[in-house]
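Participant: I am attaching a structure below and will ask some questions about it afterwards.
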Amino acid sequence: MAAIRVDGLSKAFGTVRAVDGMSFTVDRGELYGFLGPNGAGKTTTIRALTGQIRPDAGTISVLETDPVADPLETRRRVGILPERGTPPSFLTPREFLSFVGRIREMNPDVVDYQIDQWADRLAFENKLETLHTDLSRGQQQKVMLAQAFLHEPDVVLIDEPLANLDPIVQEQVKRFLHQYAEDNAVFVSTHNVDVAEEICTRVGIVTDGRLVAECDPQADEQPLLETFLEHVGAAGARDTPEIESLEP
Ligand SMILES: Nc1ncnc2c1ncn2[C@@H]1O[C@H](COP(=O)(O)OP(=O)(O)OP(=O)(O)O)[C@@H](O)[C@H]1O
């Protein structure tokens with residue numbers, strides 16, 4: 001049974017077809033990259049996977065639960081790092097992560113252990129007692145990454161995992177994601193072709209709300225960038241920051 005199954009998902013906002021007949025599956029052991037230019041429908045798909053929006057059509061199963069029918073159960077069982085998600089400004093990382101652990105019904109000793117592990121892994125141990133409002137955007141992103149993994153969920157959904165992180169932490173997070181995906185399903189949305197090519201075991205290319213290709217960047221001979229340009233074309237490339245320079 002796939003960890004994530006999406007079949008014929010569609011969602012429009014007014015006249016904009018944000019997601020238009022999307023289908024894909026992600027199994028345990030996969031680090032699946034959802035790669036597409038700005039406005040391709042990535043965030044809308046993640047919001048549907050976590051029960052934050054009601055699709056117009058299609059079915060979704062996450063760990064054999066339906067996030068539309070039972071969003072709370074889905075959110076309890078998965079880890080989520082939303083795009084532009086920030087921790088509450090009036091709490092410290094330790095307070096926030098303890099709170100997350102409590103609502104995930106974790107043993108308090110395990111929560112304390114996990115907080116220290118994550119603070120060490122992402123190098124924010126000296127910020128654990130500082131209010132989030134006094135942390136940089138990158139430091140807040142580290143806390144948000146920690147909350148997504150705190151309860152060791154079987155499925156993790158991350159929108160732009162490396163946004164705002166410095167290169168050293170990016171390398172650590174890439175390594176961690178790879179390792180975590182050995183036993184779980186990790187779904188990352190990104191418009192960074194290099195990141196998708198480097199870390200993902202499978203990549204779905206999305207544009208205009210549709211999945212237009214799937215590839216295995218570790219096995220495919222053709223570089224992912226070429227496949228991406230083939231399917232997304234110049235218009236999509238214009239909306240993909242790191243390959244703007246290829247434009248005439
Ligand atoms: N709440 C909303 N109301 C109206 N239009 C929306 C809404 N959410 C998304 N859209 C539109 O749906 C389309 C897909 O948006 P989405 O945020 O899913 O794209 P994305 O692939 O995540 O883009 P990005 O990489 O820029 O974050 C866009 O055209 C966007 O303007």
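So you can find residues: chains in the structure tokens are A, B, ... in the order shown, residues in each start at 1, and ligands are numbered from 1 in order.
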Can you list every residue of chain A that has an atom at most 6 Å from ligand 1, with its nearest atom pair and the distance in Å to one decimal, using only C-alpha atoms and all ligand atoms, ordered by chain then number, as a tab-separated table?

Facilitator:
residue	atom	partner	partner_atom_place_in_ligand_line	distance
A:Phe13	CA	ligand 1	4 (C)	4.7
A:Ala18	CA	ligand 1	12 (O)	3.9
A:Pro37	CA	ligand 1	25 (O)	5.6
A:Asn38	CA	ligand 1	26 (O)	3.3
A:Gly39	CA	ligand 1	19 (O)	3.4
A:Ala40	CA	ligand 1	21 (O)	3.7
A:Gly41	CA	ligand 1	18 (O)	3.2
A:Lys42	CA	ligand 1	21 (O)	3.7
A:Thr43	CA	ligand 1	22 (O)	3.6
A:Thr44	CA	ligand 1	18 (O)	3.7

Participant: Can you list, as a ChimeraX atom specification, every residue of region 71-176 of chain A that DSSP puts in helix (DSSP H, G or I)?

Facilitator: /A:71-77,93-103,108-121,125-127,132-134,137-149,167-176

Participant: Could you list, as a PDB file with N, CA and C atoms, in the first residue's frame, every residue within 9 Å of Leu177 (chain A), counting only C-alpha atoms and ignoring same-chain residues fewer than 3 positions away?

Facilitator:
ATOM      1  N   LEU A  31      12.145   9.380  -1.319  1.00  0.00           N
ATOM      2  CA  LEU A  31      12.227  10.818  -1.091  1.00  0.00           C
ATOM      3  C   LEU A  31      11.747  11.421  -2.416  1.00  0.00           C
ATOM      4  N   GLN A 172      23.505  19.310   5.908  1.00  0.00           N
ATOM      5  CA  GLN A 172      23.071  18.408   7.001  1.00  0.00           C
ATOM      6  C   GLN A 172      21.624  17.975   6.792  1.00  0.00           C
ATOM      7  N   VAL A 173      20.786  18.924   6.375  1.00  0.00           N
ATOM      8  CA  VAL A 173      19.365  18.596   6.185  1.00  0.00           C
ATOM      9  C   VAL A 173      19.211  17.632   5.007  1.00  0.00           C
ATOM     10  N   LYS A 174      19.956  17.838   3.939  1.00  0.00           N
ATOM     11  CA  LYS A 174      19.885  16.919   2.789  1.00  0.00           C
ATOM     12  C   LYS A 174      20.234  15.504   3.224  1.00  0.00           C
ATOM     13  N   TYR A 180      16.297   9.649   6.500  1.00  0.00           N
ATOM     14  CA  TYR A 180      14.948   9.475   7.056  1.00  0.00           C
ATOM     15  C   TYR A 180      14.047   8.746   6.062  1.00  0.00           C
ATOM     16  N   ALA A 181      14.267   9.016   4.778  1.00  0.00           N
ATOM     17  CA  ALA A 181      13.409   8.427   3.741  1.00  0.00           C
ATOM     18  C   ALA A 181      13.691   6.940   3.532  1.00  0.00           C
ATOM     19  N   GLU A 182      14.751   6.434   4.147  1.00  0.00           N
ATOM     20  CA  GLU A 182      15.013   4.997   3.985  1.00  0.00           C
ATOM     21  C   GLU A 182      13.883   4.162   4.583  1.00  0.00           C
ATOM     22  N   VAL A 186       9.053  10.596   2.349  1.00  0.00           N
ATOM     23  CA  VAL A 186       9.284  12.039   2.464  1.00  0.00           C
ATOM     24  C   VAL A 186       8.921  12.687   1.128  1.00  0.00           C
ATOM     25  N   ILE A 199      19.038  15.044  -4.170  1.00  0.00           N
ATOM     26  CA  ILE A 199      18.579  14.256  -3.010  1.00  0.00           C
ATOM     27  C   ILE A 199      17.427  13.308  -3.293  1.00  0.00           C
TER      28      ILE A 199
END

Participant: Need the shell around Thr92 (chain A): protein/DNA/RNA residues with any atom at most 6 Å away, counting only C-alpha atoms. Skip same-chain ones fewer than 3 positions apart. Format as a VMD selection string?

Facilitator: chain A and resid 95 129 to 132

Participant: Just list the residues in region 130-184 of chain A DSSP gives strand (DSSP E or B) on the backbone, as a ChimeraX atom specification.

Facilitator: /A:155-159

Participant: Go ahead and save the residues from that selection, with C-alpha atoms, as a compact mmCIF listing (two decimals), in the first residue's frame.

Facilitator:
# COMPACT_ATOMS: atom_id res chain seq x y z
CA VAL A 155 5.11 10.55 6.19
CA VAL A 156 6.65 14.03 6.05
CA LEU A 157 5.48 16.77 3.70
CA ILE A 158 7.83 19.70 3.25
CA ASP A 159 7.39 22.79 1.14

Participant: Counting only C-alpha atoms, which of A:Leu225, A:Ala69, A:Leu122, A:Met144 gets nearest to Pro88 (chain A)?

Facilitator: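 Ranking A:Leu225, A:Ala69, A:Leu122, A:Met144 by distance to Pro88 (chain A), first place goes to A:Met144.
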
Participant: Fewer than 5 positions away in the same chain doesn't count, so skip those; otherwise give me all residues within 10 Å of Arg76 (chain A), counting only C-alpha atoms, as an NGL selection string.

Facilitator: :A and (50 or 71 or 103-105 or 151 or 153)

Participant: Between A:Glu73, A:Glu83, A:Glu198, A:Asp20, single out the one closest to Ala163 (chain A), counting only C-alpha atoms.

Facilitator: A:Glu83

Participant: Would you pick out the contacts of Gln141 (chain A) at 12 Å or less, using only C-alpha atoms, so that residues sharing its chain but fewer than 5 positions from it are not included, and give the list as a PDB file with C-alpha atoms, in the first residue's frame?

Facilitator:
ATOM      1  CA  LEU A  81       6.475  21.966   7.098  1.00  0.00           C
ATOM      2  CA  PRO A  82       4.272  24.480   5.303  1.00  0.00           C
ATOM      3  CA  GLU A  83       5.601  27.101   2.901  1.00  0.00           C
ATOM      4  CA  ARG A  84       6.312  30.299   4.830  1.00  0.00           C
ATOM      5  CA  GLY A  85       5.353  28.566   8.090  1.00  0.00           C
ATOM      6  CA  THR A  86       6.767  30.344  11.134  1.00  0.00           C
ATOM      7  CA  PRO A  87       6.778  29.371  14.810  1.00  0.00           C
ATOM      8  CA  PRO A  88       4.712  31.538  17.218  1.00  0.00           C
ATOM      9  CA  PRO A  93      11.911  27.066  20.439  1.00  0.00           C
ATOM     10  CA  LEU A 122      20.598  22.076  13.140  1.00  0.00           C
ATOM     11  CA  ALA A 123      22.892  24.125  15.374  1.00  0.00           C
ATOM     12  CA  PHE A 124      20.353  26.174  17.284  1.00  0.00           C
ATOM     13  CA  HIS A 132      11.123  33.340  18.028  1.00  0.00           C
ATOM     14  CA  LEU A 135      15.373  34.738  15.679  1.00  0.00           C
ATOM     15  CA  SER A 136      16.393  35.157  12.037  1.00  0.00           C
ATOM     16  CA  ALA A 146      12.380  20.206  13.951  1.00  0.00           C
ATOM     17  CA  GLN A 147       8.626  20.331  14.657  1.00  0.00           C
ATOM     18  CA  ALA A 148       7.875  18.396  11.454  1.00  0.00           C
ATOM     19  CA  ILE A 158       7.826  19.696   3.252  1.00  0.00           C
ATOM     20  CA  ASP A 159       7.392  22.794   1.137  1.00  0.00           C
ATOM     21  CA  GLU A 160      10.835  24.109   0.090  1.00  0.00           C
ATOM     22  CA  PRO A 161      12.919  22.268   2.723  1.00  0.00           C
ATOM     23  CA  LEU A 162      16.107  24.270   2.323  1.00  0.00           C
ATOM     24  CA  ALA A 163      14.653  27.789   2.087  1.00  0.00           C
ATOM     25  CA  ASN A 164      16.604  30.284   4.208  1.00  0.00           C
ATOM     26  CA  LEU A 165      19.162  27.756   5.470  1.00  0.00           C
ATOM     27  CA  ASP A 166      22.885  28.416   5.202  1.00  0.00           C
ATOM     28  CA  VAL A 169      22.905  23.370   7.445  1.00  0.00           C
ATOM     29  CA  GLN A 170      21.526  22.663   3.952  1.00  0.00           C
ATOM     30  CA  VAL A 173      19.365  18.596   6.185  1.00  0.00           C
TER      31      VAL A 173
END

Participant: Counting only C-alpha atoms, which residue out of A:Ser89, A:Gln52, A:Ser23, A:Gln117 sits closest to Thr133 (chain A)?

Facilitator: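 For Thr133 (chain A), the nearest of the given residues is A:Ser89.
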
Participant: Go ahead and compute the interatomic distance for CA of Phe187 (chain A) and CA of Gly138 (chain A), in Å to one decimal.

Facilitator: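 Separation of CA of Phe187 (chain A) and CA of Gly138 (chain A): 20.8 Å.
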
Participant: So, with only C-alpha atoms as the atoms that count, which of A:Val143, A:Leu128, A:Leu72, A:Val6 lies closest to Val100 (chain A)?

Facilitator: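 Nearest to Val100 (chain A): A:Val143.
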
Participant: Give me the residues near Val110 (chain A) as a PyMOL selection string, where near means some atom within 10 Å (using only C-alpha atoms) and where sequence neighbours in that chain fewer than 3 positions away do not count.

Facilitator: chain A and resi 101+106-107+113-116+150-151

Participant: Using only C-alpha atoms, tabulate the residues of region 14-81 of chain A lying at most 12 Å from any atom of region 226-229 of chain A, each with its closest atom pair and that distance in Å to one decimal, by chain and increasing residue number, as a tab-separated table.

Facilitator:
residue	atom	partner	partner_atom	distance
A:Phe34	CA	A:Phe228	CA	11.6
A:Leu35	CA	A:Phe228	CA	8.5
A:Gly36	CA	A:Phe228	CA	8.3
A:Pro37	CA	A:Phe228	CA	9.8

Participant: Let's have the selection written as a tab-separated table (two decimals), in the first residue's frame, with C-alpha atoms.

Facilitator:
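Okay, again-v9.tsv is ready:
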chain	number	residue	atom	x	y	z
A	34	PHE	CA	7.61	17.62	-6.46
A	35	LEU	CA	9.40	19.94	-8.86
A	36	GLY	CA	7.74	22.82	-10.67
A	37	PRO	CA	7.92	26.54	-11.39
